[in-house]
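A.B. asks: Here you go, this is final-v2.cif (mmCIF, C-alpha atoms).
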```cif
data_structure
loop_
_atom_site.group_PDB
_atom_site.id
_atom_site.type_symbol
_atom_site.label_atom_id
_atom_site.label_comp_id
_atom_site.auth_asym_id
_atom_site.auth_seq_id
_atom_site.Cartn_x
_atom_site.Cartn_y
_atom_site.Cartn_z
ATOM 1 C CA MET I 1166 -0.486 -14.332 17.387
ATOM 2 C CA SER I 1167 2.162 -11.649 16.752
ATOM 3 C CA ALA I 1168 1.821 -8.098 18.011
ATOM 4 C CA GLY I 1169 1.665 -6.971 14.373
ATOM 5 C CA TRP I 1170 -1.442 -9.033 13.669
ATOM 6 C CA VAL I 1171 -3.047 -7.841 16.896
ATOM 7 C CA ALA I 1172 -2.400 -4.213 15.900
ATOM 8 C CA GLY I 1173 -3.686 -4.887 12.394
ATOM 9 C CA ALA I 1174 -6.869 -6.511 13.704
ATOM 10 C CA VAL I 1175 -7.530 -3.593 16.064
ATOM 11 C CA ARG I 1176 -7.051 -1.100 13.226
ATOM 12 C CA ALA I 1177 -9.236 -3.209 10.932
ATOM 13 C CA ARG I 1178 -12.126 -3.172 13.382
ATOM 14 C CA ALA I 1179 -11.702 0.575 13.955
ATOM 15 C CA LEU I 1180 -11.909 1.292 10.231
ATOM 16 C CA ALA I 1181 -14.989 -0.901 9.789
ATOM 17 C CA VAL I 1182 -16.853 0.752 12.688
ATOM 18 C CA ARG I 1183 -16.611 4.129 10.941
ATOM 19 C CA CYS I 1184 -18.557 2.943 7.871
ATOM 20 C CA PRO I 1185 -21.845 4.825 7.326
ATOM 21 C CA GLY I 1186 -23.695 1.521 7.024
ATOM 22 C CA ALA I 1187 -26.928 0.543 5.297
ATOM 23 C CA ALA I 1188 -29.240 2.946 7.136
ATOM 24 C CA GLU I 1189 -27.185 6.018 6.350
ATOM 25 C CA ALA I 1190 -26.616 4.896 2.770
ATOM 26 C CA ARG I 1191 -30.377 4.646 2.317
ATOM 27 C CA GLU I 1192 -30.783 8.219 3.588
ATOM 28 C CA ILE I 1193 -28.110 9.381 1.148
ATOM 29 C CA ALA I 1194 -29.879 7.522 -1.660
ATOM 30 C CA ALA I 1195 -33.129 9.351 -0.832
ATOM 31 C CA CYS I 1196 -31.549 12.813 -1.168
ATOM 32 C CA PRO I 1197 -33.233 14.810 -3.952
ATOM 33 C CA SER I 1198 -29.898 15.882 -5.494
ATOM 34 C CA LEU I 1199 -26.279 14.825 -5.721
ATOM 35 C CA ASP I 1200 -25.159 18.039 -4.001
ATOM 36 C CA GLU I 1201 -27.299 17.259 -0.975
ATOM 37 C CA ALA I 1202 -26.054 13.670 -0.922
ATOM 38 C CA LEU I 1203 -22.455 14.892 -0.938
ATOM 39 C CA ARG I 1204 -23.226 17.213 1.964
ATOM 40 C CA ARG I 1205 -24.541 14.187 3.852
ATOM 41 C CA LEU I 1206 -21.136 12.571 3.373
ATOM 42 C CA GLY I 1207 -19.591 15.426 5.354
ATOM 43 C CA GLY I 1208 -19.785 13.445 8.562
ATOM 44 C CA THR I 1209 -18.354 10.241 7.103
ATOM 45 C CA PRO I 1210 -14.816 9.071 6.276
ATOM 46 C CA TYR I 1211 -15.573 9.729 2.593
ATOM 47 C CA VAL I 1212 -15.541 13.515 3.031
ATOM 48 C CA LYS I 1213 -11.774 13.833 2.590
ATOM 49 C CA TYR I 1214 -11.971 12.848 -1.070
ATOM 50 C CA THR I 1215 -15.539 13.796 -1.996
ATOM 51 C CA ARG I 1216 -15.583 17.417 -0.835
ATOM 52 C CA GLU I 1217 -14.069 18.623 -4.129
ATOM 53 C CA ALA I 1218 -15.937 16.191 -6.389
ATOM 54 C CA ALA I 1219 -17.855 17.672 -9.309
ATOM 55 C CA GLY I 1220 -20.476 15.370 -10.787
ATOM 56 C CA LEU I 1221 -21.482 11.789 -10.182
ATOM 57 C CA SER I 1222 -18.493 10.015 -11.735
ATOM 58 C CA GLU I 1223 -15.997 12.087 -9.762
ATOM 59 C CA ALA I 1224 -17.955 11.552 -6.551
ATOM 60 C CA GLN I 1225 -18.131 7.794 -7.050
ATOM 61 C CA ARG I 1226 -14.445 7.650 -7.883
ATOM 62 C CA ALA I 1227 -13.701 9.644 -4.727
ATOM 63 C CA VAL I 1228 -15.593 7.056 -2.667
ATOM 64 C CA SER I 1229 -13.472 4.296 -4.205
ATOM 65 C CA ALA I 1230 -10.300 6.303 -3.606
ATOM 66 C CA THR I 1231 -11.283 6.586 0.070
ATOM 67 C CA LEU I 1232 -11.654 2.822 0.281
ATOM 68 C CA LEU I 1233 -8.230 2.295 -1.285
ATOM 69 C CA TRP I 1234 -6.618 4.773 1.104
ATOM 70 C CA HIS I 1235 -8.116 2.965 4.100
ATOM 71 C CA LEU I 1236 -6.801 -0.363 2.820
ATOM 72 C CA ARG I 1237 -3.337 1.115 2.339
ATOM 73 C CA VAL I 1238 -3.447 2.435 5.893
ATOM 74 C CA LEU I 1239 -4.540 -0.986 7.114
ATOM 75 C CA ALA I 1240 -1.672 -2.647 5.231
ATOM 76 C CA GLY I 1241 0.763 -0.392 7.063
ATOM 77 C CA TRP I 1242 -0.381 -1.816 10.400
ATOM 78 C CA LEU I 1243 0.165 -5.433 9.414
ATOM 79 C CA PRO I 1244 3.310 -7.384 10.276
ATOM 80 C CA ARG I 1245 6.102 -7.813 7.743
ATOM 81 C CA GLY I 1246 4.697 -9.655 4.757
ATOM 82 C CA GLY I 1247 1.115 -9.204 5.932
ATOM 83 C CA ALA I 1248 0.305 -6.745 3.171
ATOM 84 C CA ARG I 1249 0.584 -9.612 0.666
ATOM 85 C CA LEU I 1250 -2.784 -10.776 1.984
ATOM 86 C CA LEU I 1251 -4.376 -7.561 0.721
ATOM 87 C CA VAL I 1252 -2.759 -7.399 -2.725
ATOM 88 C CA PRO I 1253 -5.204 -9.747 -4.504
ATOM 89 C CA LEU I 1254 -8.131 -8.221 -2.585
ATOM 90 C CA VAL I 1255 -7.409 -4.747 -4.004
ATOM 91 C CA SER I 1256 -6.531 -5.945 -7.514
ATOM 92 C CA GLY I 1257 -9.792 -4.475 -8.810
ATOM 93 C CA PHE I 1258 -8.224 -1.033 -8.545
ATOM 94 C CA GLU I 1259 -5.436 -2.087 -10.893
ATOM 95 C CA VAL I 1260 -8.070 -3.453 -13.276
ATOM 96 C CA ALA I 1261 -9.872 -0.097 -13.081
ATOM 97 C CA ASN I 1262 -6.635 1.695 -13.965
ATOM 98 C CA VAL I 1263 -6.227 -0.497 -17.046
ATOM 99 C CA VAL I 1264 -9.873 0.037 -18.037
ATOM 100 C CA ALA I 1265 -9.260 3.801 -17.875
ATOM 101 C CA ARG I 1266 -6.058 3.441 -19.916
ATOM 102 C CA LEU I 1267 -7.919 1.542 -22.630
ATOM 103 C CA SER I 1268 -10.894 3.908 -22.819
ATOM 104 C CA PRO I 1269 -11.241 6.117 -25.932
ATOM 105 C CA GLU I 1270 -11.299 9.159 -23.660
ATOM 106 C CA HIS I 1271 -7.947 8.332 -22.081
ATOM 107 C CA SER I 1272 -5.911 10.837 -24.094
ATOM 108 C CA GLU I 1273 -8.095 13.806 -23.234
ATOM 109 C CA GLN I 1274 -8.480 12.686 -19.619
ATOM 110 C CA GLN I 1275 -4.765 12.107 -19.101
ATOM 111 C CA GLY I 1276 -3.479 14.415 -16.406
ATOM 112 C CA ARG I 1277 -7.007 15.242 -15.205
ATOM 113 C CA VAL I 1278 -8.102 11.875 -13.812
ATOM 114 C CA PRO I 1279 -5.063 10.231 -12.194
ATOM 115 C CA PRO I 1280 -4.891 6.470 -11.752
ATOM 116 C CA TYR I 1281 -5.590 4.920 -8.388
ATOM 117 C CA ARG I 1282 -2.406 4.922 -6.311
ATOM 118 C CA LEU I 1283 -1.849 1.462 -4.882
ATOM 119 C CA GLY I 1284 1.583 1.936 -3.319
ATOM 120 C CA ALA I 1285 2.775 -1.293 -1.697
ATOM 121 C CA LEU I 1286 -0.502 -2.994 -2.709
ATOM 122 C CA GLU I 1287 0.112 -2.890 -6.444
ATOM 123 C CA THR I 1288 0.739 -6.025 -8.463
ATOM 124 C CA ALA I 1289 2.380 -4.599 -11.567
ATOM 125 C CA TRP I 1290 0.795 -1.193 -12.169
ATOM 126 C CA ARG I 1291 4.001 0.771 -12.757
ATOM 127 C CA ARG I 1292 5.003 -1.655 -15.500
ATOM 128 C CA LEU I 1293 1.505 -1.651 -16.974
ATOM 129 C CA ASP I 1294 1.421 2.141 -16.936
ATOM 130 C CA ARG I 1295 4.558 2.279 -19.076
ATOM 131 C CA ALA I 1296 2.977 0.125 -21.815
ATOM 132 C CA ALA I 1297 2.373 2.266 -24.886
ATOM 133 C CA THR I 1298 0.172 -0.167 -26.850
ATOM 134 C CA PRO I 1299 -2.284 -2.960 -26.058
ATOM 135 C CA ALA I 1300 0.325 -5.489 -27.246
ATOM 136 C CA GLU I 1301 2.862 -4.081 -24.773
ATOM 137 C CA LEU I 1302 0.216 -4.143 -22.066
ATOM 138 C CA ARG I 1303 -0.432 -7.833 -22.751
ATOM 139 C CA ALA I 1304 3.301 -8.549 -22.570
ATOM 140 C CA ALA I 1305 3.593 -6.710 -19.249
ATOM 141 C CA LEU I 1306 0.672 -8.676 -17.825
ATOM 142 C CA ALA I 1307 2.125 -11.965 -19.033
ATOM 143 C CA ALA I 1308 5.420 -11.174 -17.285
ATOM 144 C CA SER I 1309 3.683 -10.449 -13.981
ATOM 145 C CA ALA I 1310 1.533 -12.255 -11.423
ATOM 146 C CA TRP I 1311 -1.480 -11.389 -13.573
ATOM 147 C CA GLY I 1312 -0.475 -13.816 -16.301
ATOM 148 C CA ASP I 1313 -1.224 -13.752 -20.015
ATOM 149 C CA PRO I 1314 -4.826 -12.634 -20.673
ATOM 150 C CA GLY I 1315 -4.860 -14.467 -24.006
ATOM 151 C CA GLY I 1316 -5.305 -11.461 -26.302
ATOM 152 C CA ASP I 1317 -4.569 -7.770 -26.676
ATOM 153 C CA THR I 1318 -8.025 -6.411 -27.457
ATOM 154 C CA PRO I 1319 -9.431 -4.232 -24.667
ATOM 155 C CA TRP I 1320 -12.038 -6.903 -23.891
ATOM 156 C CA ALA I 1321 -9.474 -9.715 -23.703
ATOM 157 C CA LEU I 1322 -7.118 -7.685 -21.526
ATOM 158 C CA VAL I 1323 -9.778 -6.677 -19.012
ATOM 159 C CA THR I 1324 -11.551 -10.053 -18.952
ATOM 160 C CA GLY I 1325 -8.239 -11.806 -18.439
ATOM 161 C CA MET I 1326 -7.381 -9.522 -15.533
ATOM 162 C CA ARG I 1327 -10.767 -9.993 -13.889
ATOM 163 C CA MET I 1328 -10.560 -13.765 -14.033
ATOM 164 C CA ALA I 1329 -6.938 -13.665 -12.887
ATOM 165 C CA ALA I 1330 -8.005 -11.546 -9.902
ATOM 166 C CA ALA I 1331 -10.452 -14.286 -8.906
ATOM 167 C CA ARG I 1332 -7.784 -16.965 -9.351
ATOM 168 C CA ARG I 1333 -5.199 -15.061 -7.306
ATOM 169 C CA THR I 1334 -7.670 -14.311 -4.505
ATOM 170 C CA ALA I 1335 -8.803 -17.928 -4.281
ATOM 171 C CA LEU I 1336 -5.202 -19.135 -4.014
ATOM 172 C CA ALA I 1337 -3.835 -16.495 -1.635
ATOM 173 C CA VAL I 1338 -6.758 -15.663 0.670
ATOM 174 C CA PRO I 1339 -8.495 -18.767 2.044
ATOM 175 C CA GLN I 1340 -11.175 -16.689 3.800
ATOM 176 C CA ALA I 1341 -12.160 -15.181 0.450
ATOM 177 C CA ARG I 1342 -12.024 -18.304 -1.706
ATOM 178 C CA ASP I 1343 -15.806 -18.741 -1.948
ATOM 179 C CA TRP I 1344 -16.206 -15.079 -2.899
ATOM 180 C CA ALA I 1345 -13.599 -15.469 -5.634
ATOM 181 C CA VAL I 1346 -15.200 -18.637 -7.022
ATOM 182 C CA ALA I 1347 -18.619 -16.972 -7.099
ATOM 183 C CA ARG I 1348 -17.101 -13.934 -8.787
ATOM 184 C CA ALA I 1349 -15.566 -16.168 -11.447
ATOM 185 C CA ALA I 1350 -18.967 -17.786 -11.979
ATOM 186 C CA LEU I 1351 -20.637 -14.420 -12.518
ATOM 187 C CA LEU I 1352 -17.945 -13.298 -14.950
ATOM 188 C CA THR I 1353 -18.109 -16.546 -16.919
ATOM 189 C CA ALA I 1354 -21.909 -16.585 -17.067
ATOM 190 C CA ARG I 1355 -22.071 -12.994 -18.233
ATOM 191 C CA GLU I 1356 -19.513 -13.467 -20.999
ATOM 192 C CA LEU I 1357 -20.845 -16.797 -22.271
ATOM 193 C CA PHE I 1358 -24.595 -16.455 -21.898
ATOM 194 C CA VAL I 1359 -25.292 -12.700 -21.961
ATOM 195 C CA HIS I 1360 -22.669 -11.421 -24.413
ATOM 196 C CA GLY I 1361 -22.197 -14.716 -26.286
ATOM 197 C CA ARG I 1362 -18.408 -14.468 -26.272
ATOM 198 C CA SER I 1363 -15.955 -17.349 -26.043
ATOM 199 C CA LEU I 1364 -13.344 -16.907 -23.340
ATOM 200 C CA PRO I 1365 -9.652 -16.668 -24.300
ATOM 201 C CA ALA I 1366 -7.727 -19.875 -23.545
ATOM 202 C CA PRO I 1367 -5.982 -18.654 -20.356
ATOM 203 C CA VAL I 1368 -9.302 -17.378 -19.008
ATOM 204 C CA ARG I 1369 -10.950 -20.745 -19.782
ATOM 205 C CA ARG I 1370 -8.189 -22.509 -17.864
ATOM 206 C CA ASP I 1371 -8.656 -20.250 -14.840
ATOM 207 C CA ALA I 1372 -12.417 -20.746 -15.015
ATOM 208 C CA ALA I 1373 -11.953 -24.528 -15.111
ATOM 209 C CA ARG I 1374 -9.658 -24.428 -12.065
ATOM 210 C CA LEU I 1375 -12.144 -22.364 -10.081
ATOM 211 C CA LEU I 1376 -15.482 -23.726 -11.322
ATOM 212 C CA GLY I 1377 -14.663 -27.243 -12.474
ATOM 213 C CA GLY I 1378 -14.571 -28.654 -15.973
ATOM 214 C CA ARG I 1379 -18.311 -29.330 -16.230
ATOM 215 C CA ALA I 1380 -19.382 -25.741 -15.617
ATOM 216 C CA SER I 1381 -16.622 -24.115 -17.669
ATOM 217 C CA ALA I 1382 -17.453 -26.308 -20.690
ATOM 218 C CA ALA I 1383 -21.257 -26.022 -20.382
ATOM 219 C CA ALA I 1384 -23.225 -25.393 -23.568
ATOM 220 C CA SER I 1385 -26.219 -23.779 -21.834
ATOM 221 C CA TYR I 1386 -26.817 -21.558 -18.842
ATOM 222 C CA GLN I 1387 -28.848 -24.265 -17.120
ATOM 223 C CA GLU I 1388 -26.036 -26.794 -17.570
ATOM 224 C CA PHE I 1389 -23.535 -24.203 -16.364
ATOM 225 C CA ARG I 1390 -25.540 -23.490 -13.228
ATOM 226 C CA ALA I 1391 -25.965 -27.170 -12.406
ATOM 227 C CA GLY I 1392 -22.226 -27.840 -12.745
ATOM 228 C CA LEU I 1393 -21.013 -25.083 -10.415
ATOM 229 C CA PRO I 1394 -19.381 -25.677 -7.023
ATOM 230 C CA ALA I 1395 -21.848 -25.480 -4.146
ATOM 231 C CA SER I 1396 -21.101 -21.888 -3.060
ATOM 232 C CA ALA I 1397 -21.537 -20.469 -6.560
ATOM 233 C CA ARG I 1398 -24.520 -22.705 -7.286
ATOM 234 C CA ARG I 1399 -26.318 -21.242 -4.263
ATOM 235 C CA LEU I 1400 -25.695 -17.741 -5.605
ATOM 236 C CA LEU I 1401 -27.458 -18.595 -8.883
ATOM 237 C CA ALA I 1402 -30.151 -20.824 -7.377
ATOM 238 C CA ASP I 1403 -32.952 -18.301 -7.954
ATOM 239 C CA VAL I 1404 -31.543 -16.842 -11.169
ATOM 240 C CA GLU I 1405 -33.108 -19.053 -13.815
ATOM 241 C CA GLU I 1406 -32.109 -16.942 -16.820
ATOM 242 C CA PRO I 1407 -28.902 -15.015 -17.619
ATOM 243 C CA THR I 1408 -30.877 -11.752 -17.748
ATOM 244 C CA GLY I 1409 -31.258 -12.019 -13.979
ATOM 245 C CA LEU I 1410 -27.541 -12.086 -13.241
ATOM 246 C CA TRP I 1411 -27.738 -8.578 -11.779
ATOM 247 C CA ARG I 1412 -29.688 -10.104 -8.882
ATOM 248 C CA ALA I 1413 -26.896 -12.618 -8.358
ATOM 249 C CA GLU I 1414 -24.436 -9.709 -8.360
ATOM 250 C CA ALA I 1415 -26.385 -8.049 -5.541
ATOM 251 C CA GLY I 1416 -26.526 -11.410 -3.797
ATOM 252 C CA TRP I 1417 -22.748 -11.686 -4.082
ATOM 253 C CA TRP I 1418 -22.347 -8.343 -2.309
ATOM 254 C CA ARG I 1419 -24.751 -9.456 0.426
ATOM 255 C CA THR I 1420 -22.755 -12.633 0.938
ATOM 256 C CA VAL I 1421 -19.500 -10.695 1.172
ATOM 257 C CA ARG I 1422 -21.150 -8.298 3.628
ATOM 258 C CA ASP I 1423 -22.455 -11.072 5.870
ATOM 259 C CA ASP I 1424 -19.296 -13.179 5.738
ATOM 260 C CA GLY I 1425 -17.137 -10.122 6.369
ATOM 261 C CA ALA I 1426 -19.194 -9.115 9.398
ATOM 262 C CA ALA I 1427 -18.885 -12.669 10.760
ATOM 263 C CA LEU I 1428 -15.097 -12.560 10.373
ATOM 264 C CA LEU I 1429 -14.995 -9.228 12.189
ATOM 265 C CA ARG I 1430 -16.992 -10.666 15.085
ATOM 266 C CA ASP I 1431 -14.466 -13.443 15.550
ATOM 267 C CA GLY I 1432 -12.771 -12.869 18.896
ATOM 268 C CA ARG I 1433 -9.362 -13.933 17.600
ATOM 269 C CA HIS I 1434 -6.856 -11.456 16.168
ATOM 270 C CA GLY I 1435 -5.360 -12.396 12.855
ATOM 271 C CA PRO I 1436 -5.784 -12.494 9.079
ATOM 272 C CA GLY I 1437 -9.486 -13.383 9.216
ATOM 273 C CA VAL I 1438 -10.366 -10.126 10.961
ATOM 274 C CA VAL I 1439 -8.376 -8.166 8.380
ATOM 275 C CA VAL I 1440 -10.123 -9.927 5.479
ATOM 276 C CA GLY I 1441 -13.458 -9.270 7.184
ATOM 277 C CA ALA I 1442 -12.670 -5.559 7.420
ATOM 278 C CA VAL I 1443 -11.722 -5.429 3.737
ATOM 279 C CA ALA I 1444 -15.079 -7.040 2.903
ATOM 280 C CA VAL I 1445 -17.128 -4.692 5.103
ATOM 281 C CA LEU I 1446 -15.294 -1.589 3.862
ATOM 282 C CA SER I 1447 -15.652 -2.673 0.222
ATOM 283 C CA VAL I 1448 -19.381 -3.340 0.548
ATOM 284 C CA ASP I 1449 -19.892 0.011 2.239
ATOM 285 C CA ALA I 1450 -18.105 1.831 -0.593
ATOM 286 C CA TRP I 1451 -20.184 -0.066 -3.188
ATOM 287 C CA ARG I 1452 -23.358 0.862 -1.317
ATOM 288 C CA VAL I 1453 -22.421 4.551 -1.024
ATOM 289 C CA ARG I 1454 -21.555 4.727 -4.722
ATOM 290 C CA ALA I 1455 -24.987 3.279 -5.520
ATOM 291 C CA ALA I 1456 -26.614 5.731 -3.105
ATOM 292 C CA LEU I 1457 -24.941 8.674 -4.843
ATOM 293 C CA GLU I 1458 -26.274 7.457 -8.183
ATOM 294 C CA SER I 1459 -29.772 7.265 -6.708
ATOM 295 C CA ALA I 1460 -29.487 10.830 -5.372
ATOM 296 C CA ALA I 1461 -28.251 12.041 -8.764
ATOM 297 C CA ARG I 1462 -31.488 10.616 -10.238
ATOM 298 C CA GLY I 1463 -33.553 12.637 -7.778
ATOM 299 C CA GLY I 1464 -33.639 10.323 -4.791
ATOM 300 C CA ARG I 1465 -34.989 7.209 -6.501
ATOM 301 C CA PRO I 1466 -33.037 4.144 -5.391
ATOM 302 C CA GLY I 1467 -32.739 1.526 -8.113
ATOM 303 C CA GLU I 1468 -33.474 -2.176 -7.849
ATOM 304 C CA ALA I 1469 -29.807 -3.069 -7.421
ATOM 305 C CA PHE I 1470 -29.460 -0.717 -4.462
ATOM 306 C CA ASP I 1471 -32.650 -2.035 -2.867
ATOM 307 C CA ALA I 1472 -31.468 -5.610 -3.371
ATOM 308 C CA LEU I 1473 -28.388 -4.943 -1.262
ATOM 309 C CA ALA I 1474 -29.409 -2.251 1.215
#
```
Do you think you could lay out the structure here as C-alpha cells?

C.D. replies:
Amino acid sequence: MSAGWVAGAVRARALAVRCPGAAEAREIAACPSLDEALRRLGGTPYVKYTREAAGLSEAQRAVSATLLWHLRVLAGWLPRGGARLLVPLVSGFEVANVVARLSPEHSEQQGRVPPYRLGALETAWRRLDRAATPAELRAALAASAWGDPGGDTPWALVTGMRMAAARRTALAVPQARDWAVARAALLTARELFVHGRSLPAPVRRDAARLLGGRASAAASYQEFRAGLPASARRLLADVEEPTGLWRAEAGWWRTVRDDGAALLRDGRHGPGVVVGAVAVLSVDAWRVRAALESAARGGRPGEAFDALA
C-alpha cells in the first residue's frame, strides 16, 4: 500500500473520531430551542460553519458544508488520482446546487446563499452553473459524466441526476455498490408508487442496470419489492406499503453507518477505510441536521430521527 493511501487512511480515521456521534446528537435533539442546540455544537467540528447560522435552514446547510469541507480535506491527503474515489460519493452536493438553481426563490437568493464549493471533487458544476435555462442545463449534463437526464423539467433534471449518482457510485466505488443499489431502489419506488410518475428513459435504463429488469418494469410495489437484488430487497423487507418508505430511508442510513464503521475497523490502510470514513461522516451530518430540526420544534425528536439514532 502506498504512503499516500496510508496517510489518507490515517486522516480518514482521525476525521471520523471527531464526529459527535449518536449520543451527543440525541442530546442536541432534546434541546428546547435551536439556539441552545447550536451552542451545543460549539464543541464539535461543526462550529466553524454553524456559529453564524441564523435559522434552521442555514444551520442545517452549515452542517452539510462542514461535511463537504472535511471530505475535501480528506481528498487532499489521498495519493494522485485517489480523489476520484470520492467524486461520486459527494455528487449529492452537486445535485443540491442544481436543486437550488431550479428553485423559484433562486433569483432572490442569488448572492446570499452560495452554492456548495466542491473544488477538485466536482463533476461538472462550473459548466452547470453557467447554464442559463433548463434546456442548457440538460445539455451540460448530457455532455458530462452525469449523462442525459431525459428531460428539462426541474423534476426530470433532478431525478436524472439522483439516479445517475447511484449509477456512478455503483460503478466507481465497489465498497459502496450495495448502498447505491439500495438508493436507486428507494428513488424508483418513491417515484413510481408514491408519486405515480413514469421515469424518463435514461433513468429507466439506469434503474434496470442497478435493480434488474424485473424490478424496474414492475407494475405494483409488491412485484417491485420481490424483484429487487438481495441487498435492496432486505431494506424493503418490512416495508409492505409505499407509504412506509421513510422507514426504509432510515434503514438505509443505518446500513451505511454500520457498514462504514466496519470498513473503518479494518486494520488495512487503503480505499476501504476512506469510503468507511465518508459513510460515517455523512451519517453523522445527517443525524445532526435531524437533531437541529428536533430542537427547532422544541426538543421533540421525530420518528425518522428515532429510527436512526

A.B. asks: Mind giving me the straight-line distance from CA of Leu1254 (chain I) to CA of Tyr1214 (chain I) in Å, one decimal?

C.D. replies: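 According to the coordinates, CA of Leu1254 (chain I) and CA of Tyr1214 (chain I) are separated by 21.5 Å.
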
A.B. asks: Apply the PyMOL selection byres ((chain I and resi 1402) around 12) to the displayed file and report the matching residues as a PDB file with C-alpha atoms, in the frame of the given file.

C.D. replies:
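Result went into part33.pdb, see below:
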```
ATOM      1  CA  TYR I1386     -26.817 -21.558 -18.842  1.00  0.00           C
ATOM      2  CA  GLN I1387     -28.848 -24.265 -17.120  1.00  0.00           C
ATOM      3  CA  PHE I1389     -23.535 -24.203 -16.364  1.00  0.00           C
ATOM      4  CA  ARG I1390     -25.540 -23.490 -13.228  1.00  0.00           C
ATOM      5  CA  ALA I1391     -25.965 -27.170 -12.406  1.00  0.00           C
ATOM      6  CA  GLY I1392     -22.226 -27.840 -12.745  1.00  0.00           C
ATOM      7  CA  LEU I1393     -21.013 -25.083 -10.415  1.00  0.00           C
ATOM      8  CA  PRO I1394     -19.381 -25.677  -7.023  1.00  0.00           C
ATOM      9  CA  ALA I1395     -21.848 -25.480  -4.146  1.00  0.00           C
ATOM     10  CA  SER I1396     -21.101 -21.888  -3.060  1.00  0.00           C
ATOM     11  CA  ALA I1397     -21.537 -20.469  -6.560  1.00  0.00           C
ATOM     12  CA  ARG I1398     -24.520 -22.705  -7.286  1.00  0.00           C
ATOM     13  CA  ARG I1399     -26.318 -21.242  -4.263  1.00  0.00           C
ATOM     14  CA  LEU I1400     -25.695 -17.741  -5.605  1.00  0.00           C
ATOM     15  CA  LEU I1401     -27.458 -18.595  -8.883  1.00  0.00           C
ATOM     16  CA  ASP I1403     -32.952 -18.301  -7.954  1.00  0.00           C
ATOM     17  CA  VAL I1404     -31.543 -16.842 -11.169  1.00  0.00           C
ATOM     18  CA  GLU I1405     -33.108 -19.053 -13.815  1.00  0.00           C
ATOM     19  CA  GLU I1406     -32.109 -16.942 -16.820  1.00  0.00           C
ATOM     20  CA  PRO I1407     -28.902 -15.015 -17.619  1.00  0.00           C
ATOM     21  CA  GLY I1409     -31.258 -12.019 -13.979  1.00  0.00           C
ATOM     22  CA  LEU I1410     -27.541 -12.086 -13.241  1.00  0.00           C
ATOM     23  CA  ARG I1412     -29.688 -10.104  -8.882  1.00  0.00           C
ATOM     24  CA  ALA I1413     -26.896 -12.618  -8.358  1.00  0.00           C
ATOM     25  CA  GLY I1416     -26.526 -11.410  -3.797  1.00  0.00           C
TER      26      GLY I1416
END
```

A.B. asks: Written as a PyMOL selection string, what is the full residue list that the PyMOL selection byres ((chain I and resi 1327-1334) around 9) yields on the file shown?

C.D. replies: chain I and resi 1250+1252-1254+1256-1257+1260+1310-1312+1314+1322-1326+1335-1339+1341-1342+1344-1349+1352-1353+1368+1371-1372+1374-1375

A.B. asks: With a distance cut-off of 9 Å and all atoms listed in the file, select the neighbouring residues of Arg1205 (chain I), excluding the residue or stretch itself and same-chain residues fewer than 4 positions from it, and output the selection as a PyMOL selection string.

C.D. replies: chain I and resi 1189+1192-1193+1196+1200-1201+1209

A.B. asks: Just the number, please: distance in Å from CA of Trp1242 (chain I) to CA of Leu1428 (chain I), one decimal.

C.D. replies: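 Here the two named atoms are 18.2 Å from each other.
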
A.B. asks: Hey, which of I:Gly1247, I:Val1182, I:Arg1291, I:Val1278 ends up closest to Ser1222 (chain I)? Count only C-alpha atoms.

C.D. replies: I:Val1278

A.B. asks: Please expand the PyMOL selection byres ((chain I and resi 1285) around 10) into the concrete residues it hits in this file, giving the result as a ChimeraX atom specification.

C.D. replies: /I:1237,1240-1241,1248-1249,1251-1252,1282-1284,1286-1288

A.B. asks: Figure out the distance between CA of Leu1429 (chain I) and CA of Gly1441 (chain I), please, to one decimal in Å.

C.D. replies: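 The value is 5.2 Å.
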
A.B. asks: Give me the residues within 9 Å of Arg1176 (chain I) as a VMD selection string, counting only C-alpha atoms and dropping any in the same chain fewer than 2 places off.

C.D. replies: chain I and resid 1171 to 1174 1178 to 1181 1238 to 1239 1242 1439
